[in-house]
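Student: Just passing along the structure, written as structure tokens.
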Number of protein chains: 2
Amino acid sequence: MQYQAPERDAQFLIFDVFRAQDVWQEIPALADFGPDIIQAVVNEGGRIAAEAIAPTNEVGDAEGCAWNDGEVTTPAVFKPAFQQLAEGGWLGLAGNPEFGGQGMPKMLACLVEEMLWAANPSLYLYGTLTVGASLCIDAHGTEAQKSRYLPKMYGGEWTGAMALTEAHAGTDLGIMRSKAEPQADGSYHITGTKIFITGGEHDLTENIVHLVLAKLPDAPGGTRGISLFIVPKFLVNEDGSLGERNRWASGSIEHKMGIRGSATSVINYDGAIGYLLGEENQGLAAMFTMMNYERLSVGLQGLGAGEAAYQLAAGYARDRLQGRSPEGAQNPDGPADSLLVHPDVRRMLMTQRAFNEAGRAFGLFVGMQLDRAKYGNDAEAQTLSEILTPIAKAFLSDRGFTGSVLAQQVFGGHGYIQEWGVEQVVRDTRIAQIYEGTNGVQALDLIARKVLRDGGVSLRRFIDEMAQSDVAAEFQAELNDALDRLVRVTASVVERAEAEPALAGAVSVDYLDLCGLTIYAWLWALMARHAPDDEFGAAKLATARYYFARVLPASHGLERGIAASSSAVMDLAADQF
Amino acid sequence: MQYQAPERDAQFLIFDVFRAQDVWQEIPALADFGPDIIQAVVNEGGRIAAEAIAPTNEVGDAEGCAWNDGEVTTPAVFKPAFQQLAEGGWLGLAGNPEFGGQGMPKMLACLVEEMLWAANPSLYLYGTLTVGASLCIDAHGTEAQKSRYLPKMYGGEWTGAMALTEAHAGTDLGIMRSKAEPQADGSYHITGTKIFITGGEHDLTENIVHLVLAKLPDAPGGTRGISLFIVPKFLVNEDGSLGERNRWASGSIEHKMGIRGSATSVINYDGAIGYLLGEENQGLAAMFTMMNYERLSVGLQGLGAGEAAYQLAAGYARDRLQGRSPEGAQNPDGPADSLLVHPDVRRMLMTQRAFNEAGRAFGLFVGMQLDRAKYGNDAEAQTLSEILTPIAKAFLSDRGFTGSVLAQQVFGGHGYIQEWGVEQVVRDTRIAQIYEGTNGVQALDLIARKVLRDGGVSLRRFIDEMAQSDVAAEFQAELNDALDRLVRVTASVVERAEAEPALAGAVSVDYLDLCGLTIYAWLWALMARHAPDDEFGAAKLATARYYFARVLPASHGLERGIAASSSAVMDLAADQF
């Protein structure tokens with residue numbers, strides 16, 4: 001795959017649209033990050049993604065992972081590529097500088113993550129879990145834990161993994177059975193079987209740090225009785241060197257639709273030694289530090305996939321000659337015109353552009369709120385980031401999948417065969433809608449926890465901010481209309497939800513889509529306002545117009561669907577399914 | 001896969017909703033098909049699909065096809081299964097009785113096809129191409145050709161294949177290069193390379209009958225200079241026995257996202273002996289006899305997939321215990337409630353039901369028009385079938401894919417791993433949106449050839465028929481609203497298309513979706529009218545209500561998107577893609 005990192009777009013968003021340089025200036029921890037450093041990170045991140053990582057993507061899918069008596073082998077090209085990622089410090093980009101991280105803004109990290117996901121999602125999964133686990137250890141670990149694990153993880157010498165799911169307990173973590181027995185030395189013995197453990201076992205690094213959810217013997221029932229443990233593959237000696245092998249092993253790996261270079265293990269913990277991370281019985285909340293990071297990251301996986309697929313499709317459409325323009329031959333001396341003359345091919349490509357470019361802006365905007373919250377102690381930004389995280393996870397990954405499918409469609413029959421690469425993007429991206437909490441779970445989190453819980457007040461604050469921001473005049477009226485619709489729909493859901501317990505779940509996915517479409521409308525109006533007077537800017541304006549004309553109208557249908565009673569969903573007798 | 005043929009639904013649609021028995025009574029060729037025969041065919045078709053074909057589906061995907069020096073091997077389980085299909089006479093179900101076909105109504109054949117597609121699309125591809133090629137030979141062949149090929153093809157002793165595409169000529173057939181040189185004995189020598197030839201070479205039968213498009217030496221340019229030829233793998237002697245091997249061979253097979261049990265060949269014709277089918281230079285029109293058959297059939301592939309995926313998802317949702325109902329625990333003695341209590345899981349399952357059941361009705365309705373046209377010489381039915389064919393191909397396959405993806409989502413993480421079977425349905429179904437003319441091509445065919453060409457008059461006649469039919473009173477107003485919308489949107493497109501050459505292509509896919517959603521609304525109102533007063537009928541009513549409340553509203557967004565100028569799609573400079 002010939003991947004080109006979206007550097008021009010990144011500059012435009014960071015410097016012109018969001019003026020991040022000004023925001024960072026006001027936050028002491030980020031004040032050192034001037035335009036030069038930012039530019040260097042973007043360029044270098046783009047380079048490593050395109051040159052070191054992307055070439056391993058197709059071959060990794062073809063080779064896949066292998067399991068042999070507990071040992072897991074990744075595709076041969078992965079190890080050197082991961083090493084480049086590790087040695088470049090990319091896994092510690094936003095890490096805590098006290099322990100070897102680079103302390104860069106999350107906003108920048110979001111951009112780099114998009115590029116790495118686009119280049120090879122299977123490979124970057126080992127990375128994102130390492131970043132997320134180190135974030136969790138940094139937030140909840142003791143000083144000793146931080147200094148023991150973080151430098152190795154920021155440096156990519158050890159990777160991380162997250163062990164939540166059990167065969168009978170997926171979304172419903174409260175019914176998990178894994179046990180943690182306290183030992184005299186303060187450690188715990190962990191016993192149980194976890195499934196779907198991404199990067200749980202592999203051959204890329206010398207150690208793997210599992211964060212494992214388990215229950216103490218006297219724990220309360222349900223999710224209030226879950227604790228979190230650090231359970232490394234090799235125990236770590238006082239001097240930081242590796243000690244004996246811990247008592248857990250990969251029981252098998254899954255055969256999956258895609259992300260075949262990413263090893264997904266069943267892990268059997270057989271009295272494995274674990275160390276409590278955070279407080280007893282507070283494990284789920286601690287794990288959510290990692291989970292929320294992964295949710296945004298998985299959204300960025302969708303974005304990266306959407307961009308990679310678009311680049312493949314646009315390249316094919318430029319080169320492939322088929323048929324003639326409805327406006328008269330554009331390539332009269334050739335046997336046919338390029339696919340780009342066909343309005344429906346353009347519709348597919350424009351839809352992808354409209355989603356990708358707004359999606360990139362959205363990801364950076366969420367990253368900016370996380371920076372404000374973490375480094376600027378901005379409580380409003382914290383609340384906003386909590387509202388936006390499920391939208392980012394679900395809306396970005398859904399649009400990424402839809403975009404990949406559209407890209408495949410541009411290829412016609414060639415899109416269905418492996419050699420063109422786009423079918424792999426479709427297969428790889430599908431998982432982003434499922435893992436780290438299915439997109440249905442994200443939608444329920446949004447509507448139930450983030451909107452209904454405060455009667456929609458926090459969301460309303462954000463809607464008002466969007467309404468008051470300085471956007472392109474051309475789109476102001478349509479944006480206002482979209483924002484009014486979201487206000488109206490939210491008020492209606494808040495009002496009806498009390499009497500109708502099934503309502504929130506019945507409309508949640510449509511409601512999340514409406515939020516996403518509306519936020520993207522705002523971002524397009526904002527980007528159009530800052531579009532420069534050149535070809536790049538003209539393309540932005542054309543894409544903004546496409547979005548308002550052809551994509552946003554779906555919100556009218558969503559509003560009507562959400563207005564329906566939940567009985568439409570619930571009335572069928574259970575035994576009729 | 002545990003597939004259950006939708007026999008109860010089939011009875012309801014044939015006997016109660018469409019009253020096919022009355023229609024057939026008035027058509028001499030079909031008057032013999034009474035309820036008993038119909039019932040027997042439906043039951044026996046369901047049985048063979050579920051018991052003989054479905055068990056070969058997963059193993060066929062895992063084993064795939066192999067190519068070795070021109071020889072193509074299909075999965076080992078395919079040969080005995082295909083033989084059962086052949087010996088049961090299923091490929092001659094709607095075939096010409098003069099040559100060994102059973103002459104049954106197309107409507108019935110549609111139902112059986114759905115079942116065979118659901119059971120194993122890779123395997124049934126060898127069947128559908130045989131049925132389509134024999135239909136083409138029956139329509140355009142000489143008596144000698146018919147008696148030579150049809151009995152063997154109806155009996156499944158020989159299969160058919162369709163050779164159109166060349167590497168540089170996919171949708172744009174006018175630029176094909178394959179040559180046909182006339183010989184003194186009346187035959188032709190065919191030379192050229194065709195790609196994407198489904199079932200072009202395989203080991204299931206002793207002979208394979210290719211229908212090949214090629215150009216005569218003095219042919220006019222473009223699509224008016226294409227002729228159609230019968231090019232069998234083994235030449236056929238006067239006595240019907242097989243003679244020498246023809247001069248063509250499989251150069252390779254494709255590695256595909258799905259339908260891996262279906263061998264897709266590159267075929268090299270090296271002066272192969274061919275026999276003109278129909279008239280010189282009229283090949284494309286003749287091929288469209290086969291193509292139109294395949295288009296409806298591929299729509300039915302989507303329908304079958306949607307049904308198979310739904311059955312998998314509903315089964316999983318019934319069995320899987322996760323979380324609690326928002327309306328209070330439904331399984332208080334168990335560790336959790338079933339997935340069916342969750343409104344969003346129900347939304348996904350209801351959407352699948354709403355599409356599948358309306359889709360089945362739609363397929364049968366199109367089949368009925370084809371019966372009226374072919375056996376009743378009904379010109380209006382012929383015109384209507386031409387309007388509906390692209391909608392059936394695209395809307396059924398799009399909904400089949402969407403439904404499969406929703407079914408996969410119901411499974412959560414388990415949907416992404418191979419052992420549950422649903423990810424295979426997603427991979428297999430994706431091709432239905434691409435082959436036999438991409439769904440974008442279908443949409444352009446609908447809007448440009450079937451609607452704009454007569455100013456929307458024929459479509460309007462059908463809309464008026466829908467408006468005047470006897471539907472459930474509960475949905476009459478909403479149906480009228482939807483029909484009015486389609487009238488309004490069609491008039492607007494007809495009016496604007498003259499001044500805007502890119503308009504048809506710019507709105508074609510949204511327009512086809514609007515047609516599909518509207519026709520499904522009519523079918524749901526019609527089914528609701530005939531729903532019996534029992535549990536089956538109650539489920540129909542509940543699903544009809546779901547469709548009107550939650551699915552049909554998307555038409556509001558489509559109307560607004562179609563209202564946009566084509567400049568939204570066309571304005572981006574070509575070099576900006």
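Residues in the structure tokens are numbered from 1 in each chain, the chains being A, B, ... in the order shown, and ligands are numbered from 1 in the order shown.
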Counting only C-alpha atoms, what is within 10 Å of Met115 in chain B, bar same-chain residues fewer than 2 positions away, as a PyMOL selection string?
Tutor: chain B and resi 3-7+42+45-50+53-54+109-113+117-121+124+300-301+303-305+307-308
Student: Compute the chain B side of the contact with chain A at 6 Å, counting only C-alpha atoms, and hand it back as a ChimeraX atom specification.
Tutor: /B:172,255-257,314,322-323,326-327,343-344,347,412,416-418,434,501-502,505-506,539,542,546,549-550,553-554,556-557,560-561,564,568-569,572,577
Student: Name all residues at most 12 Å from range 140-146 of chain A (count only C-alpha atoms; drop same-chain ones fewer than 5 positions away) and give them as a PyMOL selection string.
Tutor: chain A and resi 95-101+133-135+151-154+209+211+228-232+236+238-240+274-280+282-290
Student: May I have the selected residues written with C-alpha atoms, as a PDB file, in the first residue's frame?
Tutor:
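again08.pdb, written as the output of this step:
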ATOM      1  CA  GLY A  95       3.745   9.609  28.128  1.00  0.00           C
ATOM      2  CA  ASN A  96       4.726  11.044  31.493  1.00  0.00           C
ATOM      3  CA  PRO A  97       8.152  12.743  31.160  1.00  0.00           C
ATOM      4  CA  GLU A  98       9.071  11.743  34.731  1.00  0.00           C
ATOM      5  CA  PHE A  99       9.276   8.150  33.540  1.00  0.00           C
ATOM      6  CA  GLY A 100      10.690   8.578  30.073  1.00  0.00           C
ATOM      7  CA  GLY A 101       7.640   9.776  28.164  1.00  0.00           C
ATOM      8  CA  ALA A 133      -1.828   0.231  29.666  1.00  0.00           C
ATOM      9  CA  SER A 134       0.955   2.680  30.482  1.00  0.00           C
ATOM     10  CA  LEU A 135      -1.605   5.479  30.784  1.00  0.00           C
ATOM     11  CA  PRO A 151      10.076   3.422  30.960  1.00  0.00           C
ATOM     12  CA  LYS A 152      10.059  -0.045  29.403  1.00  0.00           C
ATOM     13  CA  MET A 153       6.594   0.440  27.950  1.00  0.00           C
ATOM     14  CA  TYR A 154       7.170   3.982  26.645  1.00  0.00           C
ATOM     15  CA  VAL A 209       2.348  -6.520  30.862  1.00  0.00           C
ATOM     16  CA  LEU A 211      -3.776  -5.573  33.157  1.00  0.00           C
ATOM     17  CA  LEU A 228      -7.372  -4.594  38.577  1.00  0.00           C
ATOM     18  CA  PHE A 229      -3.981  -6.310  38.588  1.00  0.00           C
ATOM     19  CA  ILE A 230      -0.672  -5.980  36.821  1.00  0.00           C
ATOM     20  CA  VAL A 231       0.246  -9.491  35.687  1.00  0.00           C
ATOM     21  CA  PRO A 232       3.466  -9.496  33.641  1.00  0.00           C
ATOM     22  CA  VAL A 236      10.500  -8.212  37.182  1.00  0.00           C
ATOM     23  CA  GLU A 238      14.227  -5.400  41.911  1.00  0.00           C
ATOM     24  CA  ASP A 239      16.957  -4.241  39.541  1.00  0.00           C
ATOM     25  CA  GLY A 240      14.521  -4.181  36.633  1.00  0.00           C
ATOM     26  CA  GLY A 274      -0.401 -10.211  40.079  1.00  0.00           C
ATOM     27  CA  TYR A 275       0.027  -6.808  41.702  1.00  0.00           C
ATOM     28  CA  LEU A 276      -2.950  -4.692  42.631  1.00  0.00           C
ATOM     29  CA  LEU A 277      -3.222  -1.567  40.469  1.00  0.00           C
ATOM     30  CA  GLY A 278      -5.151   1.131  42.301  1.00  0.00           C
ATOM     31  CA  GLU A 279      -7.612   0.252  45.030  1.00  0.00           C
ATOM     32  CA  GLU A 280      -9.343  -3.042  45.769  1.00  0.00           C
ATOM     33  CA  GLN A 282     -12.142  -0.115  42.193  1.00  0.00           C
ATOM     34  CA  GLY A 283     -10.738  -2.022  39.246  1.00  0.00           C
ATOM     35  CA  LEU A 284     -13.400  -1.224  36.713  1.00  0.00           C
ATOM     36  CA  ALA A 285     -13.032   2.532  37.208  1.00  0.00           C
ATOM     37  CA  ALA A 286      -9.241   2.207  36.937  1.00  0.00           C
ATOM     38  CA  MET A 287      -9.532   0.067  33.828  1.00  0.00           C
ATOM     39  CA  PHE A 288     -11.704   2.776  32.301  1.00  0.00           C
ATOM     40  CA  THR A 289      -8.658   5.038  32.197  1.00  0.00           C
ATOM     41  CA  MET A 290      -7.273   2.575  29.695  1.00  0.00           C
TER      42      MET A 290
END
Student: Select from range 40-219 of chain A everything DSSP, run on the backbone, classes as strand (DSSP E or B), then give the selection as a PyMOL selection string.
Tutor: chain A and resi 66-68+71-73+158-163+166+169+179-182+188-198+207-215
Student: So which bits of range 52-92 of chain A end up helix (DSSP H, G or I) when you DSSP the backbone, as an mmCIF file with C-alpha atoms, in the first residue's frame?
Tutor:
data_model
loop_
_atom_site.group_PDB
_atom_site.id
_atom_site.type_symbol
_atom_site.label_atom_id
_atom_site.label_comp_id
_atom_site.auth_asym_id
_atom_site.auth_seq_id
_atom_site.Cartn_x
_atom_site.Cartn_y
_atom_site.Cartn_z
ATOM 1 C CA ALA A 52 8.363 1.581 7.837
ATOM 2 C CA ILE A 53 4.872 0.425 8.827
ATOM 3 C CA ALA A 54 2.643 0.480 5.725
ATOM 4 C CA PRO A 55 4.832 -1.962 3.748
ATOM 5 C CA THR A 56 4.192 -4.636 6.407
ATOM 6 C CA ASN A 57 0.405 -4.488 6.141
ATOM 7 C CA GLU A 58 -0.528 -6.803 3.289
ATOM 8 C CA VAL A 59 2.180 -9.334 3.954
ATOM 9 C CA GLY A 60 1.163 -9.440 7.608
ATOM 10 C CA ASP A 61 -2.428 -10.237 6.651
ATOM 11 C CA ALA A 62 -1.323 -13.000 4.305
ATOM 12 C CA GLU A 63 1.053 -14.576 6.801
ATOM 13 C CA PHE A 78 6.410 -7.236 12.247
ATOM 14 C CA LYS A 79 9.356 -7.455 14.604
ATOM 15 C CA PRO A 80 11.692 -5.019 12.811
ATOM 16 C CA ALA A 81 8.810 -2.646 12.092
ATOM 17 C CA PHE A 82 7.684 -2.662 15.718
ATOM 18 C CA GLN A 83 11.256 -2.072 16.763
ATOM 19 C CA GLN A 84 11.384 1.089 14.644
ATOM 20 C CA LEU A 85 8.166 2.266 16.245
ATOM 21 C CA ALA A 86 9.573 1.529 19.686
ATOM 22 C CA GLU A 87 12.996 3.028 19.165
ATOM 23 C CA TRP A 90 6.347 6.776 19.363
ATOM 24 C CA LEU A 91 4.723 4.755 22.156
ATOM 25 C CA GLY A 92 5.823 7.312 24.734
#
Student: Skipping near chain neighbours, those fewer than 3 positions away, what residues fall within 12 Å of Asp22 in chain B using only C-alpha atoms, listed as a ChimeraX atom specification?
Tutor: /B:14-19,25-28,30-35,368
Student: Find the residues around Trp67 in chain A up to 8 Å (only C-alpha atoms counted), leave out those fewer than 6 positions away in its own chain, and share them as number ranges by chain.
Tutor: A: 73, 252-253
Student: Using only C-alpha atoms for the distances, tell me which of A:Gly537, A:Gly186, A:Gly200, A:Gly155 is nearest to Gly89 in chain A.
Tutor: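 Of all the options, A:Gly155 lies closest to Gly89 in chain A.
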